[in-house]
Amino acid sequence: MDAPVIRRSLALHSSLRRKPHDLLRQWADLVGPDTSPEEPVARLEARIAELLGAPAALFFPTGAMAQQVALRVHAERRGRWTLAGHPHLHLDNWDLQGYNAVHGLLFLRVGDRNELLGEADLAAIGEPLAAVVWELPQRDLGGLLPEWDQLRAQVDLVRSRGAAVHLDGGRIFEAQPFYDRPHEEIAGLFDTAYILPDEVVELVRDLVKRARTS
């Protein structure tokens, strides 16, 4: 009998001993009595832009809002209203399909729901798309990630057809050890990227609240 193929998962390529809350609470001590409500957000946006090598970053109160806005912009620029992505994509399964309710966008589920998205799956799409979304890692598949060369080939294919490429990278900090590449290089594959984890969102809320009441 052939040995089973072991698929790399989140637990195998990411440290589970990090303590992000401890680090983020230390950052709260940087807020002094003269800090304006805008300063913590501006500093966070500048830090994220620097991390990703991007010209700018924009803070949103929620990840759902951030991604819907980015995808709406891609749709309006191209005059196309259909998105595509894996059947287990977070913004489709867990964000109550707000992209449709709020923005009128449609979502095309591509590929086998139990396997990672493949280049052949994308090549088989017949209709013009506004954007394709990748979730890295793919949470509902146990944190699976495509190999780097596979990911680049998929992105190149989608771009060649005139669609935008968007990264749902809320867990990019877990994906980075797997690829062993800078965050800038990973996010740089995509036209837009969402990366703010919930811990950072909560930190900014705390910083702004403290600044306003100081």
# chains A, B, ... in the order shown; residues from 1 in each chain; ligands from 1

$ closest_atom_pairs --of "stretch 87-175 of chain A" --to "stretch 68-79 of chain A" --cutoff "8 Å" --atoms "only C-alpha atoms" --output "CSV"
residue,atom,partner,partner_atom,distance
A:Gly98,CA,A:Gln68,CA,7.5
A:Tyr99,CA,A:Gln68,CA,5.6
A:His103,CA,A:Arg72,CA,6.8
A:Leu105,CA,A:Arg72,CA,7.6
A:Ala130,CA,A:Ala75,CA,4.9
A:Ala131,CA,A:His74,CA,6.7
A:Ala163,CA,A:Arg78,CA,7.8
A:Ala164,CA,A:His74,CA,6.5
A:His166,CA,A:Leu71,CA,7.8

$ write_last_selection --atoms "N, CA, C and O atoms" --output "mmCIF file, in the first residue's frame"
data_model
loop_
_atom_site.group_PDB
_atom_site.id
_atom_site.type_symbol
_atom_site.label_atom_id
_atom_site.label_comp_id
_atom_site.auth_asym_id
_atom_site.auth_seq_id
_atom_site.Cartn_x
_atom_site.Cartn_y
_atom_site.Cartn_z
ATOM 1 N N GLY A 98 -22.073 39.662 2.073
ATOM 2 C CA GLY A 98 -22.300 41.102 2.054
ATOM 3 C C GLY A 98 -21.914 41.751 0.743
ATOM 4 O O GLY A 98 -22.454 42.802 0.376
ATOM 5 N N TYR A 99 -20.971 41.144 0.015
ATOM 6 C CA TYR A 99 -20.565 41.683 -1.289
ATOM 7 C C TYR A 99 -21.762 41.788 -2.227
ATOM 8 O O TYR A 99 -21.822 42.666 -3.087
ATOM 9 N N HIS A 103 -23.302 45.524 -2.337
ATOM 10 C CA HIS A 103 -22.691 46.056 -3.555
ATOM 11 C C HIS A 103 -23.223 45.435 -4.844
ATOM 12 O O HIS A 103 -22.826 45.860 -5.931
ATOM 13 N N LEU A 105 -22.540 42.549 -6.061
ATOM 14 C CA LEU A 105 -21.551 41.711 -6.725
ATOM 15 C C LEU A 105 -21.985 40.247 -6.682
ATOM 16 O O LEU A 105 -22.649 39.807 -5.740
ATOM 17 N N ALA A 130 -14.472 40.412 -12.618
ATOM 18 C CA ALA A 130 -13.926 41.641 -12.045
ATOM 19 C C ALA A 130 -12.654 41.338 -11.271
ATOM 20 O O ALA A 130 -11.668 42.074 -11.352
ATOM 21 N N ALA A 131 -12.679 40.239 -10.506
ATOM 22 C CA ALA A 131 -11.529 39.895 -9.669
ATOM 23 C C ALA A 131 -11.619 38.443 -9.233
ATOM 24 O O ALA A 131 -12.705 37.859 -9.180
ATOM 25 N N ALA A 163 -8.731 40.481 -15.277
ATOM 26 C CA ALA A 163 -9.331 40.557 -13.947
ATOM 27 C C ALA A 163 -8.294 40.984 -12.918
ATOM 28 O O ALA A 163 -7.089 40.777 -13.102
ATOM 29 N N ALA A 164 -8.765 41.580 -11.842
ATOM 30 C CA ALA A 164 -7.890 41.951 -10.738
ATOM 31 C C ALA A 164 -7.620 40.734 -9.863
ATOM 32 O O ALA A 164 -8.360 39.744 -9.897
ATOM 33 N N HIS A 166 -6.951 39.742 -5.840
ATOM 34 C CA HIS A 166 -7.090 40.280 -4.484
ATOM 35 C C HIS A 166 -6.715 39.212 -3.468
ATOM 36 O O HIS A 166 -7.084 38.043 -3.610
#

$ select_by_dssp --residues "stretch 50-183 of chain A" --states "strand (DSSP E)" --output "list in words"
Thr82, Leu83, Ala84, Gly85, Leu106, Phe107, Leu108, Arg109, Ala131, Val132, Val133, Trp134, Glu135, Ala164, Val165, His166, Leu167 and Asp168 of chain A

$ write_last_selection --atoms "N, CA, C and O atoms" --output "mmCIF file, in the first residue's frame"
data_model
loop_
_atom_site.group_PDB
_atom_site.id
_atom_site.type_symbol
_atom_site.label_atom_id
_atom_site.label_comp_id
_atom_site.auth_asym_id
_atom_site.auth_seq_id
_atom_site.Cartn_x
_atom_site.Cartn_y
_atom_site.Cartn_z
ATOM 1 N N THR A 82 -18.789 40.171 -11.472
ATOM 2 C CA THR A 82 -18.650 38.809 -10.956
ATOM 3 C C THR A 82 -17.255 38.597 -10.385
ATOM 4 O O THR A 82 -16.254 38.902 -11.035
ATOM 5 N N LEU A 83 -17.210 38.070 -9.176
ATOM 6 C CA LEU A 83 -15.970 37.675 -8.518
ATOM 7 C C LEU A 83 -15.851 36.160 -8.587
ATOM 8 O O LEU A 83 -16.831 35.461 -8.812
ATOM 9 N N ALA A 84 -14.654 35.654 -8.355
ATOM 10 C CA ALA A 84 -14.466 34.203 -8.317
ATOM 11 C C ALA A 84 -13.492 33.851 -7.208
ATOM 12 O O ALA A 84 -12.643 34.657 -6.818
ATOM 13 N N GLY A 85 -13.637 32.628 -6.714
ATOM 14 C CA GLY A 85 -12.739 32.153 -5.674
ATOM 15 C C GLY A 85 -13.113 30.747 -5.254
ATOM 16 O O GLY A 85 -14.063 30.144 -5.783
ATOM 17 N N LEU A 106 -21.593 39.495 -7.690
ATOM 18 C CA LEU A 106 -21.891 38.070 -7.767
ATOM 19 C C LEU A 106 -20.622 37.279 -7.490
ATOM 20 O O LEU A 106 -19.516 37.764 -7.721
ATOM 21 N N PHE A 107 -20.782 36.048 -7.005
ATOM 22 C CA PHE A 107 -19.610 35.232 -6.677
ATOM 23 C C PHE A 107 -19.695 33.885 -7.370
ATOM 24 O O PHE A 107 -20.691 33.170 -7.252
ATOM 25 N N LEU A 108 -18.640 33.548 -8.103
ATOM 26 C CA LEU A 108 -18.537 32.273 -8.804
ATOM 27 C C LEU A 108 -17.611 31.355 -8.014
ATOM 28 O O LEU A 108 -16.428 31.657 -7.842
ATOM 29 N N ARG A 109 -18.148 30.245 -7.510
ATOM 30 C CA ARG A 109 -17.349 29.285 -6.744
ATOM 31 C C ARG A 109 -16.613 28.366 -7.715
ATOM 32 O O ARG A 109 -17.241 27.703 -8.537
ATOM 33 N N ALA A 131 -12.679 40.239 -10.506
ATOM 34 C CA ALA A 131 -11.529 39.895 -9.669
ATOM 35 C C ALA A 131 -11.619 38.443 -9.233
ATOM 36 O O ALA A 131 -12.705 37.859 -9.180
ATOM 37 N N VAL A 132 -10.462 37.886 -8.914
ATOM 38 C CA VAL A 132 -10.377 36.584 -8.264
ATOM 39 C C VAL A 132 -9.747 36.809 -6.897
ATOM 40 O O VAL A 132 -8.813 37.605 -6.750
ATOM 41 N N VAL A 133 -10.276 36.107 -5.898
ATOM 42 C CA VAL A 133 -9.826 36.278 -4.518
ATOM 43 C C VAL A 133 -9.150 34.996 -4.037
ATOM 44 O O VAL A 133 -9.692 33.905 -4.204
ATOM 45 N N TRP A 134 -7.973 35.155 -3.437
ATOM 46 C CA TRP A 134 -7.272 34.041 -2.786
ATOM 47 C C TRP A 134 -7.268 34.273 -1.288
ATOM 48 O O TRP A 134 -6.988 35.389 -0.826
ATOM 49 N N GLU A 135 -7.555 33.236 -0.522
ATOM 50 C CA GLU A 135 -7.436 33.286 0.931
ATOM 51 C C GLU A 135 -6.193 32.494 1.326
ATOM 52 O O GLU A 135 -6.110 31.294 1.078
ATOM 53 N N ALA A 164 -8.765 41.580 -11.842
ATOM 54 C CA ALA A 164 -7.890 41.951 -10.738
ATOM 55 C C ALA A 164 -7.620 40.734 -9.863
ATOM 56 O O ALA A 164 -8.360 39.744 -9.897
ATOM 57 N N VAL A 165 -6.557 40.810 -9.083
ATOM 58 C CA VAL A 165 -6.221 39.734 -8.146
ATOM 59 C C VAL A 165 -6.175 40.335 -6.746
ATOM 60 O O VAL A 165 -5.472 41.309 -6.489
ATOM 61 N N HIS A 166 -6.951 39.742 -5.840
ATOM 62 C CA HIS A 166 -7.090 40.280 -4.484
ATOM 63 C C HIS A 166 -6.715 39.212 -3.468
ATOM 64 O O HIS A 166 -7.084 38.043 -3.610
ATOM 65 N N LEU A 167 -6.003 39.622 -2.428
ATOM 66 C CA LEU A 167 -5.570 38.713 -1.368
ATOM 67 C C LEU A 167 -6.372 38.941 -0.100
ATOM 68 O O LEU A 167 -6.377 40.044 0.447
ATOM 69 N N ASP A 168 -7.074 37.892 0.342
ATOM 70 C CA ASP A 168 -7.607 37.867 1.703
ATOM 71 C C ASP A 168 -6.481 37.302 2.555
ATOM 72 O O ASP A 168 -6.345 36.096 2.714
#

$ residues_around --residues "A:Leu157" --least-positions-apart "3" --cutoff "12 Å" --atoms "only C-alpha atoms" --output "list of chain:residue names"
A:Gly118, A:Glu119, A:Ala120, A:Asp121, A:Leu122, A:Ala123, A:Ala124, A:Ile125, A:Ala131, A:Val132, A:Gln150, A:Leu151, A:Arg152, A:Ala153, A:Gln154, A:Ser160, A:Arg161, A:Gly162, A:Ala163, A:Ala164, A:Val165

$ closest_residue --among "A:Arg80, A:Ile195, A:Arg47, A:Leu30" --to "A:Pro128" --atoms "only C-alpha atoms"
A:Arg80

$ select_by_dssp --residues "stretch 24-161 of chain A" --states "helix (DSSP H, G or I)" --output "ChimeraX atom specification"
/A:24-28,38-52,63-78,90-93,98-103,119-123,139-141,148-160

$ atom_distance --atom1 "atom CA of A:Leu189" --atom2 "atom CA of A:Gln97"
25.3 Å

$ residues_around --residues "A:Trp94" --least-positions-apart "5" --cutoff "10 Å" --atoms "only C-alpha atoms" --output "PyMOL selection string"
chain A and resi 64+88-89

$ write_last_selection --atoms "C-alpha atoms" --output "mmCIF file, in the first residue's frame"
data_model
loop_
_atom_site.group_PDB
_atom_site.id
_atom_site.type_symbol
_atom_site.label_atom_id
_atom_site.label_comp_id
_atom_site.auth_asym_id
_atom_site.auth_seq_id
_atom_site.Cartn_x
_atom_site.Cartn_y
_atom_site.Cartn_z
ATOM 1 C CA ALA A 64 -15.622 42.510 5.695
ATOM 2 C CA HIS A 88 -14.660 27.744 1.025
ATOM 3 C CA LEU A 89 -13.628 31.378 0.648
#

$ residues_around --residues "stretch 136-148 of chain A" --least-positions-apart "4" --cutoff "9 Å" --atoms "only C-alpha atoms" --output "ChimeraX atom specification"
/A:7-11,86,88-90,113-118,152-153,167-172,174-175,178-179

$ atom_distance --atom1 "atom CA of A:Val155" --atom2 "atom CA of A:Gly111"
15.5 Å
